[in-house]
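Engineer: Below is query.cif; it holds mmCIF, N, CA and C atoms.
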data_protein
#
loop_
_atom_site.label_atom_id
_atom_site.label_comp_id
_atom_site.auth_asym_id
_atom_site.auth_seq_id
_atom_site.Cartn_x
_atom_site.Cartn_y
_atom_site.Cartn_z
N MET O 1 -2.24 29.07 2.43
CA MET O 1 -1.16 30.01 2.68
C MET O 1 -0.98 30.87 1.45
N SER O 2 -0.92 32.16 1.63
CA SER O 2 -0.83 33.03 0.47
C SER O 2 0.47 33.83 0.41
N ILE O 3 1.22 33.90 1.51
CA ILE O 3 2.46 34.67 1.50
C ILE O 3 3.58 33.87 2.16
N LEU O 4 4.73 33.86 1.49
CA LEU O 4 5.95 33.31 2.07
C LEU O 4 6.96 34.46 2.07
N LYS O 5 7.31 34.92 3.26
CA LYS O 5 8.26 36.03 3.35
C LYS O 5 9.67 35.49 3.19
N ILE O 6 10.47 36.21 2.38
CA ILE O 6 11.86 35.83 2.10
C ILE O 6 12.75 37.00 2.50
N LYS O 7 13.81 36.69 3.23
CA LYS O 7 14.81 37.71 3.59
C LYS O 7 16.16 37.26 3.08
N ARG O 8 16.84 38.15 2.38
CA ARG O 8 18.22 37.86 1.98
C ARG O 8 19.11 38.06 3.21
N VAL O 9 19.86 37.03 3.56
CA VAL O 9 20.82 37.17 4.65
C VAL O 9 22.23 37.34 4.08
N ARG O 10 22.34 37.19 2.77
CA ARG O 10 23.58 37.47 2.04
C ARG O 10 23.18 38.27 0.81
N GLU O 11 23.87 39.34 0.58
CA GLU O 11 23.51 40.27 -0.50
C GLU O 11 23.41 39.61 -1.86
N GLU O 12 24.30 38.64 -2.14
CA GLU O 12 24.36 38.01 -3.45
C GLU O 12 23.35 36.87 -3.64
N ALA O 13 22.53 36.62 -2.65
CA ALA O 13 21.56 35.51 -2.72
C ALA O 13 20.53 35.72 -3.83
N LEU O 14 20.20 34.63 -4.50
CA LEU O 14 19.11 34.64 -5.47
C LEU O 14 17.84 34.19 -4.75
N LEU O 15 16.75 34.86 -5.00
CA LEU O 15 15.48 34.47 -4.39
C LEU O 15 14.97 33.17 -5.02
N PRO O 16 14.29 32.34 -4.23
CA PRO O 16 13.71 31.11 -4.80
C PRO O 16 12.81 31.46 -5.97
N HIS O 17 12.76 30.53 -6.93
CA HIS O 17 12.03 30.80 -8.16
C HIS O 17 11.42 29.50 -8.67
N ARG O 18 10.18 29.58 -9.16
CA ARG O 18 9.53 28.43 -9.80
C ARG O 18 9.90 28.45 -11.28
N ALA O 19 10.39 27.33 -11.78
CA ALA O 19 10.86 27.25 -13.17
C ALA O 19 9.71 27.37 -14.16
N THR O 20 8.54 26.81 -13.83
CA THR O 20 7.37 26.88 -14.71
C THR O 20 6.13 27.12 -13.86
N ASP O 21 5.03 27.47 -14.51
CA ASP O 21 3.77 27.67 -13.78
C ASP O 21 3.29 26.39 -13.11
N GLY O 22 3.70 25.24 -13.62
CA GLY O 22 3.29 23.97 -13.04
C GLY O 22 4.24 23.41 -12.00
N SER O 23 5.34 24.13 -11.72
CA SER O 23 6.31 23.65 -10.73
C SER O 23 5.70 23.66 -9.34
N ALA O 24 5.85 22.55 -8.62
CA ALA O 24 5.34 22.46 -7.26
C ALA O 24 6.25 23.19 -6.28
N GLY O 25 7.54 23.25 -6.61
CA GLY O 25 8.50 23.84 -5.69
C GLY O 25 9.22 25.03 -6.27
N TYR O 26 9.88 25.74 -5.36
CA TYR O 26 10.72 26.88 -5.70
C TYR O 26 12.17 26.41 -5.71
N ASP O 27 12.89 26.68 -6.77
CA ASP O 27 14.30 26.32 -6.82
C ASP O 27 15.07 27.11 -5.78
N LEU O 28 15.97 26.41 -5.08
CA LEU O 28 16.89 27.04 -4.14
C LEU O 28 18.26 27.09 -4.79
N TYR O 29 18.95 28.22 -4.62
CA TYR O 29 20.22 28.46 -5.29
C TYR O 29 21.38 28.49 -4.30
N ALA O 30 22.51 27.95 -4.72
CA ALA O 30 23.72 27.99 -3.91
C ALA O 30 24.22 29.42 -3.81
N CYS O 31 24.43 29.88 -2.59
CA CYS O 31 24.97 31.22 -2.37
C CYS O 31 26.41 31.05 -1.91
N LEU O 32 27.29 30.91 -2.90
CA LEU O 32 28.69 30.60 -2.65
C LEU O 32 29.59 31.68 -3.25
N ASP O 33 30.73 31.92 -2.61
CA ASP O 33 31.73 32.84 -3.15
C ASP O 33 32.54 32.20 -4.26
N LYS O 34 32.70 30.87 -4.15
CA LYS O 34 33.48 30.12 -5.15
C LYS O 34 32.90 28.72 -5.24
N ALA O 35 33.32 27.99 -6.25
CA ALA O 35 32.82 26.62 -6.45
C ALA O 35 33.11 25.76 -5.22
N LEU O 36 32.21 24.81 -4.96
CA LEU O 36 32.33 23.89 -3.83
C LEU O 36 32.30 22.47 -4.38
N THR O 37 33.37 21.73 -4.16
CA THR O 37 33.43 20.35 -4.63
C THR O 37 33.03 19.41 -3.51
N ILE O 38 32.07 18.53 -3.82
CA ILE O 38 31.62 17.51 -2.87
C ILE O 38 32.24 16.20 -3.32
N GLU O 39 33.18 15.72 -2.56
CA GLU O 39 33.87 14.48 -2.91
C GLU O 39 32.91 13.30 -2.82
N ALA O 40 33.21 12.24 -3.53
CA ALA O 40 32.39 11.03 -3.51
C ALA O 40 32.21 10.55 -2.08
N GLY O 41 30.97 10.23 -1.72
CA GLY O 41 30.67 9.68 -0.39
C GLY O 41 30.68 10.68 0.74
N THR O 42 30.75 11.97 0.45
CA THR O 42 30.79 12.96 1.52
C THR O 42 29.57 13.87 1.48
N VAL O 43 29.45 14.68 2.55
CA VAL O 43 28.36 15.64 2.69
C VAL O 43 28.95 17.04 2.75
N ALA O 44 28.27 17.99 2.13
CA ALA O 44 28.71 19.39 2.19
C ALA O 44 27.51 20.29 2.48
N LYS O 45 27.76 21.33 3.25
CA LYS O 45 26.73 22.33 3.57
C LYS O 45 26.76 23.41 2.50
N VAL O 46 25.59 23.64 1.90
CA VAL O 46 25.46 24.65 0.85
C VAL O 46 24.50 25.73 1.32
N PRO O 47 25.00 26.93 1.60
CA PRO O 47 24.11 28.01 2.02
C PRO O 47 23.29 28.53 0.84
N THR O 48 22.08 29.01 1.14
CA THR O 48 21.24 29.60 0.09
C THR O 48 21.21 31.12 0.18
N GLY O 49 21.64 31.68 1.31
CA GLY O 49 21.65 33.13 1.47
C GLY O 49 20.30 33.72 1.80
N ILE O 50 19.31 32.87 2.09
CA ILE O 50 17.97 33.37 2.41
C ILE O 50 17.47 32.79 3.73
N ALA O 51 16.54 33.51 4.33
CA ALA O 51 15.76 33.01 5.47
C ALA O 51 14.30 33.20 5.09
N ILE O 52 13.43 32.41 5.70
CA ILE O 52 12.01 32.49 5.36
C ILE O 52 11.15 32.67 6.60
N GLU O 53 9.94 33.16 6.37
CA GLU O 53 8.93 33.24 7.43
C GLU O 53 7.61 32.70 6.87
N LEU O 54 7.17 31.60 7.47
CA LEU O 54 5.88 31.01 7.10
C LEU O 54 4.78 31.74 7.84
N GLU O 55 3.59 31.78 7.25
CA GLU O 55 2.47 32.54 7.82
C GLU O 55 2.02 32.05 9.19
N SER O 56 2.07 30.75 9.40
CA SER O 56 1.60 30.21 10.68
C SER O 56 2.19 28.82 10.91
N SER O 57 1.96 28.31 12.12
CA SER O 57 2.44 26.96 12.45
C SER O 57 1.62 25.88 11.76
N ALA O 58 0.62 26.26 11.00
CA ALA O 58 -0.15 25.30 10.21
C ALA O 58 0.60 24.89 8.94
N TYR O 59 1.78 25.47 8.72
CA TYR O 59 2.58 25.17 7.54
C TYR O 59 4.02 24.89 7.92
N ALA O 60 4.70 24.14 7.09
CA ALA O 60 6.14 23.94 7.19
C ALA O 60 6.68 23.97 5.77
N ALA O 61 7.96 24.25 5.65
CA ALA O 61 8.61 24.21 4.35
C ALA O 61 9.50 22.97 4.32
N PHE O 62 9.58 22.35 3.16
CA PHE O 62 10.33 21.12 3.00
C PHE O 62 11.34 21.28 1.87
N VAL O 63 12.56 20.82 2.09
CA VAL O 63 13.63 20.90 1.10
C VAL O 63 13.77 19.53 0.46
N PHE O 64 13.44 19.45 -0.82
CA PHE O 64 13.50 18.22 -1.58
C PHE O 64 14.63 18.28 -2.60
N ALA O 65 15.04 17.11 -3.07
CA ALA O 65 16.06 17.02 -4.11
C ALA O 65 15.54 17.58 -5.42
N ARG O 66 16.46 18.01 -6.24
CA ARG O 66 16.18 18.27 -7.65
C ARG O 66 16.38 16.94 -8.34
N SER O 67 15.39 16.48 -9.06
CA SER O 67 15.46 15.14 -9.63
C SER O 67 16.66 14.95 -10.54
N SER O 68 17.03 15.98 -11.29
CA SER O 68 18.17 15.82 -12.21
C SER O 68 19.48 15.61 -11.45
N MET O 69 19.67 16.26 -10.33
CA MET O 69 20.90 16.08 -9.56
C MET O 69 20.98 14.68 -8.98
N GLY O 70 19.84 14.18 -8.51
CA GLY O 70 19.83 12.85 -7.92
C GLY O 70 20.00 11.74 -8.94
N THR O 71 19.25 11.83 -10.05
CA THR O 71 19.29 10.74 -11.03
C THR O 71 20.52 10.79 -11.92
N LYS O 72 20.98 11.96 -12.28
CA LYS O 72 22.15 12.07 -13.17
C LYS O 72 23.47 11.99 -12.43
N TYR O 73 23.52 12.55 -11.19
CA TYR O 73 24.80 12.70 -10.52
C TYR O 73 24.88 12.03 -9.14
N GLY O 74 23.75 11.56 -8.62
CA GLY O 74 23.76 10.92 -7.31
C GLY O 74 23.93 11.89 -6.16
N VAL O 75 23.58 13.15 -6.36
CA VAL O 75 23.73 14.18 -5.33
C VAL O 75 22.33 14.61 -4.87
N VAL O 76 22.06 14.35 -3.59
CA VAL O 76 20.73 14.61 -3.02
C VAL O 76 20.89 15.17 -1.61
N PRO O 77 19.82 15.78 -1.07
CA PRO O 77 19.90 16.24 0.33
C PRO O 77 20.28 15.08 1.25
N ALA O 78 21.21 15.34 2.16
CA ALA O 78 21.77 14.31 3.03
C ALA O 78 20.73 13.71 3.96
N ASN O 79 19.74 14.49 4.36
CA ASN O 79 18.71 13.98 5.27
C ASN O 79 17.44 13.59 4.53
N ALA O 80 17.54 13.32 3.26
CA ALA O 80 16.43 12.93 2.38
C ALA O 80 15.50 14.10 2.13
N VAL O 81 14.81 14.57 3.14
CA VAL O 81 13.95 15.75 3.03
C VAL O 81 14.24 16.63 4.24
N GLY O 82 14.58 17.87 3.99
CA GLY O 82 14.80 18.81 5.08
C GLY O 82 13.50 19.44 5.50
N VAL O 83 13.31 19.60 6.79
CA VAL O 83 12.10 20.22 7.33
C VAL O 83 12.45 21.57 7.93
N ILE O 84 11.74 22.60 7.49
CA ILE O 84 11.93 23.94 8.05
C ILE O 84 10.67 24.28 8.82
N ASP O 85 10.79 24.33 10.15
CA ASP O 85 9.66 24.62 11.01
C ASP O 85 9.22 26.08 10.87
N SER O 86 7.96 26.33 11.20
CA SER O 86 7.40 27.67 11.04
C SER O 86 8.07 28.72 11.90
N ASP O 87 8.73 28.33 12.99
CA ASP O 87 9.36 29.31 13.87
C ASP O 87 10.87 29.47 13.63
N TYR O 88 11.42 28.82 12.62
CA TYR O 88 12.85 28.96 12.29
C TYR O 88 13.06 30.21 11.46
N ARG O 89 14.04 31.02 11.85
CA ARG O 89 14.32 32.26 11.12
C ARG O 89 15.76 32.35 10.63
N GLY O 90 16.53 31.30 10.76
CA GLY O 90 17.91 31.32 10.31
C GLY O 90 18.03 31.07 8.81
N GLU O 91 19.25 31.09 8.34
CA GLU O 91 19.52 30.86 6.93
C GLU O 91 19.12 29.44 6.54
N VAL O 92 18.49 29.31 5.40
CA VAL O 92 18.17 28.00 4.84
C VAL O 92 19.43 27.46 4.18
N CYS O 93 19.88 26.31 4.66
CA CYS O 93 21.04 25.65 4.08
C CYS O 93 20.63 24.26 3.60
N VAL O 94 21.30 23.79 2.58
CA VAL O 94 21.04 22.46 2.04
C VAL O 94 22.30 21.63 2.25
N PHE O 95 22.15 20.52 2.95
CA PHE O 95 23.27 19.60 3.13
C PHE O 95 23.16 18.55 2.04
N LEU O 96 24.12 18.53 1.14
CA LEU O 96 24.09 17.61 0.01
C LEU O 96 25.04 16.45 0.23
N ARG O 97 24.57 15.24 -0.08
CA ARG O 97 25.40 14.04 -0.03
C ARG O 97 25.65 13.57 -1.45
N ASN O 98 26.91 13.26 -1.71
CA ASN O 98 27.31 12.75 -3.02
C ASN O 98 27.38 11.22 -2.92
N HIS O 99 26.38 10.54 -3.46
CA HIS O 99 26.32 9.08 -3.43
C HIS O 99 27.09 8.44 -4.58
N SER O 100 27.63 9.25 -5.47
CA SER O 100 28.33 8.69 -6.62
C SER O 100 29.78 8.34 -6.26
N ASP O 101 30.51 7.85 -7.24
CA ASP O 101 31.92 7.53 -7.01
C ASP O 101 32.85 8.57 -7.62
N THR O 102 32.28 9.73 -8.02
CA THR O 102 33.10 10.82 -8.54
C THR O 102 32.70 12.13 -7.86
N ALA O 103 33.65 13.03 -7.80
CA ALA O 103 33.39 14.34 -7.18
C ALA O 103 32.34 15.11 -7.99
N TYR O 104 31.57 15.94 -7.28
CA TYR O 104 30.55 16.79 -7.92
C TYR O 104 30.82 18.22 -7.47
N THR O 105 30.82 19.15 -8.42
CA THR O 105 31.10 20.55 -8.09
C THR O 105 29.86 21.40 -8.21
N VAL O 106 29.56 22.12 -7.14
CA VAL O 106 28.47 23.09 -7.12
C VAL O 106 29.06 24.46 -7.40
N GLN O 107 28.53 25.11 -8.40
CA GLN O 107 28.98 26.45 -8.76
C GLN O 107 28.13 27.49 -8.04
N PRO O 108 28.67 28.69 -7.80
CA PRO O 108 27.83 29.75 -7.23
C PRO O 108 26.57 29.95 -8.07
N GLN O 109 25.45 30.05 -7.39
CA GLN O 109 24.13 30.28 -7.97
C GLN O 109 23.56 29.09 -8.74
N ASP O 110 24.15 27.90 -8.59
CA ASP O 110 23.53 26.68 -9.12
C ASP O 110 22.25 26.39 -8.34
N ARG O 111 21.29 25.80 -9.02
CA ARG O 111 20.10 25.30 -8.33
C ARG O 111 20.50 24.01 -7.62
N VAL O 112 20.22 23.93 -6.31
CA VAL O 112 20.70 22.78 -5.53
C VAL O 112 19.58 21.96 -4.88
N ALA O 113 18.38 22.50 -4.82
CA ALA O 113 17.26 21.79 -4.19
C ALA O 113 15.99 22.55 -4.54
N GLN O 114 14.87 22.04 -4.05
CA GLN O 114 13.61 22.76 -4.23
C GLN O 114 12.87 22.85 -2.91
N LEU O 115 12.21 23.97 -2.71
CA LEU O 115 11.48 24.28 -1.49
C LEU O 115 9.99 24.15 -1.77
N ILE O 116 9.33 23.32 -0.98
CA ILE O 116 7.89 23.14 -1.12
C ILE O 116 7.24 23.44 0.22
N VAL O 117 6.20 24.26 0.21
CA VAL O 117 5.46 24.60 1.42
C VAL O 117 4.20 23.75 1.47
N MET O 118 3.98 23.11 2.61
CA MET O 118 2.81 22.22 2.76
C MET O 118 2.16 22.43 4.12
N PRO O 119 0.86 22.15 4.18
CA PRO O 119 0.18 22.22 5.48
C PRO O 119 0.67 21.10 6.40
N VAL O 120 0.63 21.37 7.69
CA VAL O 120 1.03 20.41 8.70
C VAL O 120 -0.15 20.16 9.62
N GLU O 121 -0.52 18.90 9.76
CA GLU O 121 -1.61 18.52 10.67
C GLU O 121 -1.00 18.24 12.03
N LEU O 122 -1.54 18.85 13.07
CA LEU O 122 -1.03 18.67 14.43
C LEU O 122 -2.16 18.13 15.31
N PRO O 123 -2.42 16.82 15.19
CA PRO O 123 -3.54 16.25 15.96
C PRO O 123 -3.22 16.16 17.44
N GLU O 124 -4.27 16.10 18.23
CA GLU O 124 -4.12 15.87 19.66
C GLU O 124 -3.62 14.44 19.85
N LEU O 125 -2.65 14.24 20.73
CA LEU O 125 -2.12 12.91 21.01
C LEU O 125 -2.87 12.30 22.18
N ILE O 126 -3.30 11.07 22.01
CA ILE O 126 -4.01 10.36 23.08
C ILE O 126 -3.34 9.01 23.26
N GLU O 127 -2.83 8.74 24.47
CA GLU O 127 -2.25 7.44 24.75
C GLU O 127 -3.37 6.45 25.02
N VAL O 128 -3.27 5.26 24.39
CA VAL O 128 -4.28 4.21 24.55
C VAL O 128 -3.59 2.90 24.91
N GLU O 129 -4.35 1.96 25.44
CA GLU O 129 -3.83 0.64 25.77
C GLU O 129 -3.78 -0.26 24.54
N GLU O 130 -4.72 -0.10 23.61
CA GLU O 130 -4.84 -0.94 22.42
C GLU O 130 -5.13 -0.08 21.20
N LEU O 131 -4.71 -0.58 20.04
CA LEU O 131 -5.05 0.03 18.75
C LEU O 131 -6.02 -0.90 18.04
N SER O 132 -6.82 -0.36 17.14
CA SER O 132 -7.77 -1.20 16.42
C SER O 132 -7.04 -2.21 15.55
N ASP O 133 -7.67 -3.34 15.30
CA ASP O 133 -7.07 -4.40 14.51
C ASP O 133 -7.33 -4.17 13.03
N THR O 134 -6.39 -4.59 12.20
CA THR O 134 -6.55 -4.51 10.75
C THR O 134 -6.11 -5.83 10.14
N GLN O 135 -6.39 -6.01 8.85
CA GLN O 135 -5.97 -7.24 8.16
C GLN O 135 -4.45 -7.37 8.18
N ARG O 136 -3.76 -6.28 8.00
CA ARG O 136 -2.29 -6.31 7.98
C ARG O 136 -1.70 -6.46 9.38
N GLY O 137 -2.32 -5.86 10.36
CA GLY O 137 -1.83 -5.95 11.72
C GLY O 137 -0.44 -5.36 11.86
N GLN O 138 0.48 -6.13 12.43
CA GLN O 138 1.85 -5.64 12.66
C GLN O 138 2.80 -6.03 11.54
N GLY O 139 2.27 -6.55 10.44
CA GLY O 139 3.13 -6.95 9.31
C GLY O 139 3.88 -5.76 8.77
N GLY O 140 5.18 -5.90 8.67
CA GLY O 140 6.04 -4.79 8.24
C GLY O 140 6.51 -4.93 6.82
N PHE O 141 7.75 -4.61 6.60
CA PHE O 141 8.35 -4.57 5.27
C PHE O 141 8.13 -5.86 4.50
N GLY O 142 7.48 -5.74 3.36
CA GLY O 142 7.26 -6.89 2.48
C GLY O 142 6.12 -7.81 2.90
N SER O 143 5.38 -7.43 3.93
CA SER O 143 4.35 -8.33 4.44
C SER O 143 3.13 -8.41 3.50
N THR O 144 2.99 -7.46 2.59
CA THR O 144 1.84 -7.48 1.69
C THR O 144 2.21 -7.92 0.28
N GLY O 145 3.42 -8.40 0.08
CA GLY O 145 3.88 -8.86 -1.24
C GLY O 145 5.31 -8.42 -1.48
N LYS O 146 5.73 -8.45 -2.75
CA LYS O 146 7.11 -8.11 -3.12
C LYS O 146 7.55 -6.77 -2.64
#
Transcribe the structure of this file into structure tokens.
Structural biologist:
Amino acid sequence: MSILKIKRVREEALLPHRATDGSAGYDLYACLDKALTIEAGTVAKVPTGIAIELESSAYAAFVFARSSMGTKYGVVPANAVGVIDSDYRGEVCVFLRNHSDTAYTVQPQDRVAQLIVMPVELPELIEVEELSDTQRGQGGFGSTGK
């Protein structure tokens, strides 16, 4: 993928930006008129003021946490990772959950998440009666050790 089209849906929106040449994602910025406080244990919707267009259905955009917000303050995307399908054209919003025991305030134009574009594999689905056997089989959580 070589082009990601960005449209400002709010005039004051900041365009996504990579902090360094080695950054995997583009920082997403809060497009707010005033500060937004996320109380402990609650979720808040944070608009970014942008919409995107991916080149094809072979790609999707994913909204990931900013590591500093999660590790320092306990504030991360509420759905763990947000998925933006290739045919979505609405505003990109980030729903943040405050897992800490203190309120967290998002200021206008704060970086609130990161956007990463990745290829999506869409294999043909085939229903079968049996799946091949493996050493692990149906062993689930913790079945291979600690």
Engineer: How many Å separate atom C of O:Thr71 from atom CA of O:Asp33?
Structural biologist: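 If I compute the distance from atom C of O:Thr71 to atom CA of O:Asp33, I get 26.2 Å.
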Engineer: Which one of O:Thr48, O:Val43, O:Ser56, O:Val112 sits closest to O:Ala78 if you count only C-alpha atoms?
Structural biologist: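 The answer is O:Val43, which sits nearest to O:Ala78.
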Engineer: Using all atoms listed in the file, list the residues that have an atom at most 7 Å from (33.2, 10.4, -5.7), coordinates as in the file, as a list in words.
Structural biologist: Ile38, Glu39, Ala40, Gly41, Thr42, Asn98, His99, Ser100, Asp101, Thr102, Ala103 and Tyr104 of chain O
Engineer: O:Arg8, O:Ile50, O:Leu14, O:Leu28: which is nearest O:Val92, counting all atoms listed in the file?
Structural biologist: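 Nearest candidate to O:Val92 out of O:Arg8, O:Ile50, O:Leu14, O:Leu28: O:Ile50.
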Engineer: Using the chain letters and numbers from this file, what does the PyMOL selection byres ((chain O and resi 65-69) around 8) select? Give the answer as number ranges by chain.
Structural biologist: O: 62-64, 70-77, 80-82, 111-115
Engineer: What is the distance, in Å and to one decimal place, between atom C of O:Glu55 and atom N of O:Leu4?
Structural biologist: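 Atom-to-atom, atom C of O:Glu55 to atom N of O:Leu4, that is 8.4 Å.
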Engineer: If the box runs along x, y and z of the file and leaves 8 Å on each side of stretch 13-28 of chain O, what are its centre and edge lengths in Å, one decimal, as JSON?
Structural biologist:
{"center_x": 12.9, "center_y": 29.5, "center_z": -8.7, "size_x": 35.2, "size_y": 30.2, "size_z": 28.1}
Engineer: For the atom pair atom CA of O:Ile116 and atom CA of O:Tyr88, what is the interatomic distance in Å to one decimal place?
Structural biologist: 15.4 Å
Engineer: Among stretch 24-94 of chain O, which ones does DSSP assign to helix (DSSP H, G or I) (computed from the backbone)? Answer as a list in words.
Structural biologist: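 Listing helix (DSSP H, G or I) positions across stretch 24-94 of chain O yields Ser67, Ser68, Met69, Gly70, Thr71, Lys72 and Tyr73 of chain O.
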Engineer: Please produce a file of the residues just selected, as a PDB file, in the coordinates of the input, where the atoms kept are N, CA and C atoms.
Structural biologist:
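Just written: out-v8.pdb:
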ATOM      1  N   SER O  67      15.390  16.480  -9.060  1.00  0.00           N
ATOM      2  CA  SER O  67      15.460  15.140  -9.630  1.00  0.00           C
ATOM      3  C   SER O  67      16.660  14.950 -10.540  1.00  0.00           C
ATOM      4  N   SER O  68      17.030  15.980 -11.290  1.00  0.00           N
ATOM      5  CA  SER O  68      18.170  15.820 -12.210  1.00  0.00           C
ATOM      6  C   SER O  68      19.480  15.610 -11.450  1.00  0.00           C
ATOM      7  N   MET O  69      19.670  16.260 -10.330  1.00  0.00           N
ATOM      8  CA  MET O  69      20.900  16.080  -9.560  1.00  0.00           C
ATOM      9  C   MET O  69      20.980  14.680  -8.980  1.00  0.00           C
ATOM     10  N   GLY O  70      19.840  14.180  -8.510  1.00  0.00           N
ATOM     11  CA  GLY O  70      19.830  12.850  -7.920  1.00  0.00           C
ATOM     12  C   GLY O  70      20.000  11.740  -8.940  1.00  0.00           C
ATOM     13  N   THR O  71      19.250  11.830 -10.050  1.00  0.00           N
ATOM     14  CA  THR O  71      19.290  10.740 -11.030  1.00  0.00           C
ATOM     15  C   THR O  71      20.520  10.790 -11.920  1.00  0.00           C
ATOM     16  N   LYS O  72      20.980  11.960 -12.280  1.00  0.00           N
ATOM     17  CA  LYS O  72      22.150  12.070 -13.170  1.00  0.00           C
ATOM     18  C   LYS O  72      23.470  11.990 -12.430  1.00  0.00           C
ATOM     19  N   TYR O  73      23.520  12.550 -11.190  1.00  0.00           N
ATOM     20  CA  TYR O  73      24.800  12.700 -10.520  1.00  0.00           C
ATOM     21  C   TYR O  73      24.880  12.030  -9.140  1.00  0.00           C
TER      22      TYR O  73
END
Engineer: Env of O:Leu54: 8 Å cut, atoms = all atoms listed in the file, seq-sep filter 6 positions within chain, self excluded. Answer as a VMD selection string.
Structural biologist: chain O and resid 3 to 6 60 to 61 85 to 88
Engineer: Which one of O:Ala35, O:Leu131, O:Val46, O:Ala24 sits closest to O:Val106 if you count all atoms listed in the file?
Structural biologist: O:Ala35
Engineer: Might you pull out every residue within 7 Å of O:Arg89, with only C-alpha atoms counted and same-chain residues fewer than 4 positions away left off, and present them as an NGL selection string?
Structural biologist: :O and (51-53)
Engineer: Can you spit out the residues from that selection as a compact mmCIF listing (two decimals), in the coordinates of the input, using N, CA and C atoms?
Structural biologist:
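Printed below is selection.txt as written:
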# COMPACT_ATOMS: atom_id res chain seq x y z
N ALA O 51 16.54 33.51 4.33
CA ALA O 51 15.76 33.01 5.47
C ALA O 51 14.30 33.20 5.09
N ILE O 52 13.43 32.41 5.70
CA ILE O 52 12.01 32.49 5.36
C ILE O 52 11.15 32.67 6.60
N GLU O 53 9.94 33.16 6.37
CA GLU O 53 8.93 33.24 7.43
C GLU O 53 7.61 32.70 6.87
Engineer: List as a ChimeraX atom specification the residues having at least one atom at most 5 Å from position (22.0, 30.1, -0.5) as given in the file, counting only N, CA and C atoms.
Structural biologist: /O:29-31,47-50
Engineer: With N, CA and C atoms retained, export the selected residues as a compact mmCIF listing (two decimals), in the frame of the given file.
Structural biologist:
# COMPACT_ATOMS: atom_id res chain seq x y z
N TYR O 29 18.95 28.22 -4.62
CA TYR O 29 20.22 28.46 -5.29
C TYR O 29 21.38 28.49 -4.30
N ALA O 30 22.51 27.95 -4.72
CA ALA O 30 23.72 27.99 -3.91
C ALA O 30 24.22 29.42 -3.81
N CYS O 31 24.43 29.88 -2.59
CA CYS O 31 24.97 31.22 -2.37
C CYS O 31 26.41 31.05 -1.91
N PRO O 47 25.00 26.93 1.60
CA PRO O 47 24.11 28.01 2.02
C PRO O 47 23.29 28.53 0.84
N THR O 48 22.08 29.01 1.14
CA THR O 48 21.24 29.60 0.09
C THR O 48 21.21 31.12 0.18
N GLY O 49 21.64 31.68 1.31
CA GLY O 49 21.65 33.13 1.47
C GLY O 49 20.30 33.72 1.80
N ILE O 50 19.31 32.87 2.09
CA ILE O 50 17.97 33.37 2.41
C ILE O 50 17.47 32.79 3.73
Engineer: Considering only C-alpha atoms, state which residue in the set O:Thr20, O:Ser2, O:Val9, O:Leu36 is at the smallest distance from O:Gln109.
Structural biologist: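 Selected residue with least distance to O:Gln109: O:Leu36.
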Engineer: Give the strand (DSSP E) residues of stretch 42-110 of chain O, as assigned by DSSP on the backbone, as a ChimeraX atom specification.
Structural biologist: /O:43-47,50-53,59-64,75-77,82-84,93-98,104-106
Engineer: Pull stretch 104-112 of chain O out of the block and emit N, CA, C and O atoms, as a PDB file, in the first residue's frame.
Structural biologist:
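What follows is the written file part.pdb:
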ATOM      1  N   TYR O 104      -8.207  10.740  34.429  1.00  0.00           N
ATOM      2  CA  TYR O 104      -7.187  11.090  33.438  1.00  0.00           C
ATOM      3  C   TYR O 104      -7.798  12.125  32.506  1.00  0.00           C
ATOM      4  O   TYR O 104      -8.923  11.947  32.028  1.00  0.00           O
ATOM      5  N   THR O 105      -7.067  13.203  32.245  1.00  0.00           N
ATOM      6  CA  THR O 105      -7.590  14.264  31.387  1.00  0.00           C
ATOM      7  C   THR O 105      -6.872  14.293  30.054  1.00  0.00           C
ATOM      8  O   THR O 105      -5.643  14.341  29.994  1.00  0.00           O
ATOM      9  N   VAL O 106      -7.664  14.259  28.992  1.00  0.00           N
ATOM     10  CA  VAL O 106      -7.164  14.389  27.625  1.00  0.00           C
ATOM     11  C   VAL O 106      -7.338  15.843  27.219  1.00  0.00           C
ATOM     12  O   VAL O 106      -8.452  16.384  27.289  1.00  0.00           O
ATOM     13  N   GLN O 107      -6.251  16.450  26.808  1.00  0.00           N
ATOM     14  CA  GLN O 107      -6.284  17.835  26.350  1.00  0.00           C
ATOM     15  C   GLN O 107      -6.499  17.875  24.839  1.00  0.00           C
ATOM     16  O   GLN O 107      -6.145  16.927  24.136  1.00  0.00           O
ATOM     17  N   PRO O 108      -7.065  18.968  24.319  1.00  0.00           N
ATOM     18  CA  PRO O 108      -7.169  19.094  22.864  1.00  0.00           C
ATOM     19  C   PRO O 108      -5.799  18.905  22.210  1.00  0.00           C
ATOM     20  O   PRO O 108      -4.790  19.413  22.700  1.00  0.00           O
ATOM     21  N   GLN O 109      -5.778  18.118  21.162  1.00  0.00           N
ATOM     22  CA  GLN O 109      -4.598  17.820  20.350  1.00  0.00           C
ATOM     23  C   GLN O 109      -3.568  16.930  21.043  1.00  0.00           C
ATOM     24  O   GLN O 109      -2.444  16.788  20.550  1.00  0.00           O
ATOM     25  N   ASP O 110      -3.935  16.295  22.156  1.00  0.00           N
ATOM     26  CA  ASP O 110      -3.077  15.261  22.748  1.00  0.00           C
ATOM     27  C   ASP O 110      -3.022  14.060  21.809  1.00  0.00           C
ATOM     28  O   ASP O 110      -4.005  13.734  21.145  1.00  0.00           O
ATOM     29  N   ARG O 111      -1.899  13.376  21.814  1.00  0.00           N
ATOM     30  CA  ARG O 111      -1.806  12.097  21.109  1.00  0.00           C
ATOM     31  C   ARG O 111      -2.538  11.061  21.965  1.00  0.00           C
ATOM     32  O   ARG O 111      -2.254  10.925  23.151  1.00  0.00           O
ATOM     33  N   VAL O 112      -3.486  10.331  21.357  1.00  0.00           N
ATOM     34  CA  VAL O 112      -4.312   9.411  22.140  1.00  0.00           C
ATOM     35  C   VAL O 112      -4.211   7.952  21.710  1.00  0.00           C
ATOM     36  O   VAL O 112      -4.655   7.061  22.433  1.00  0.00           O
TER      37      VAL O 112
END
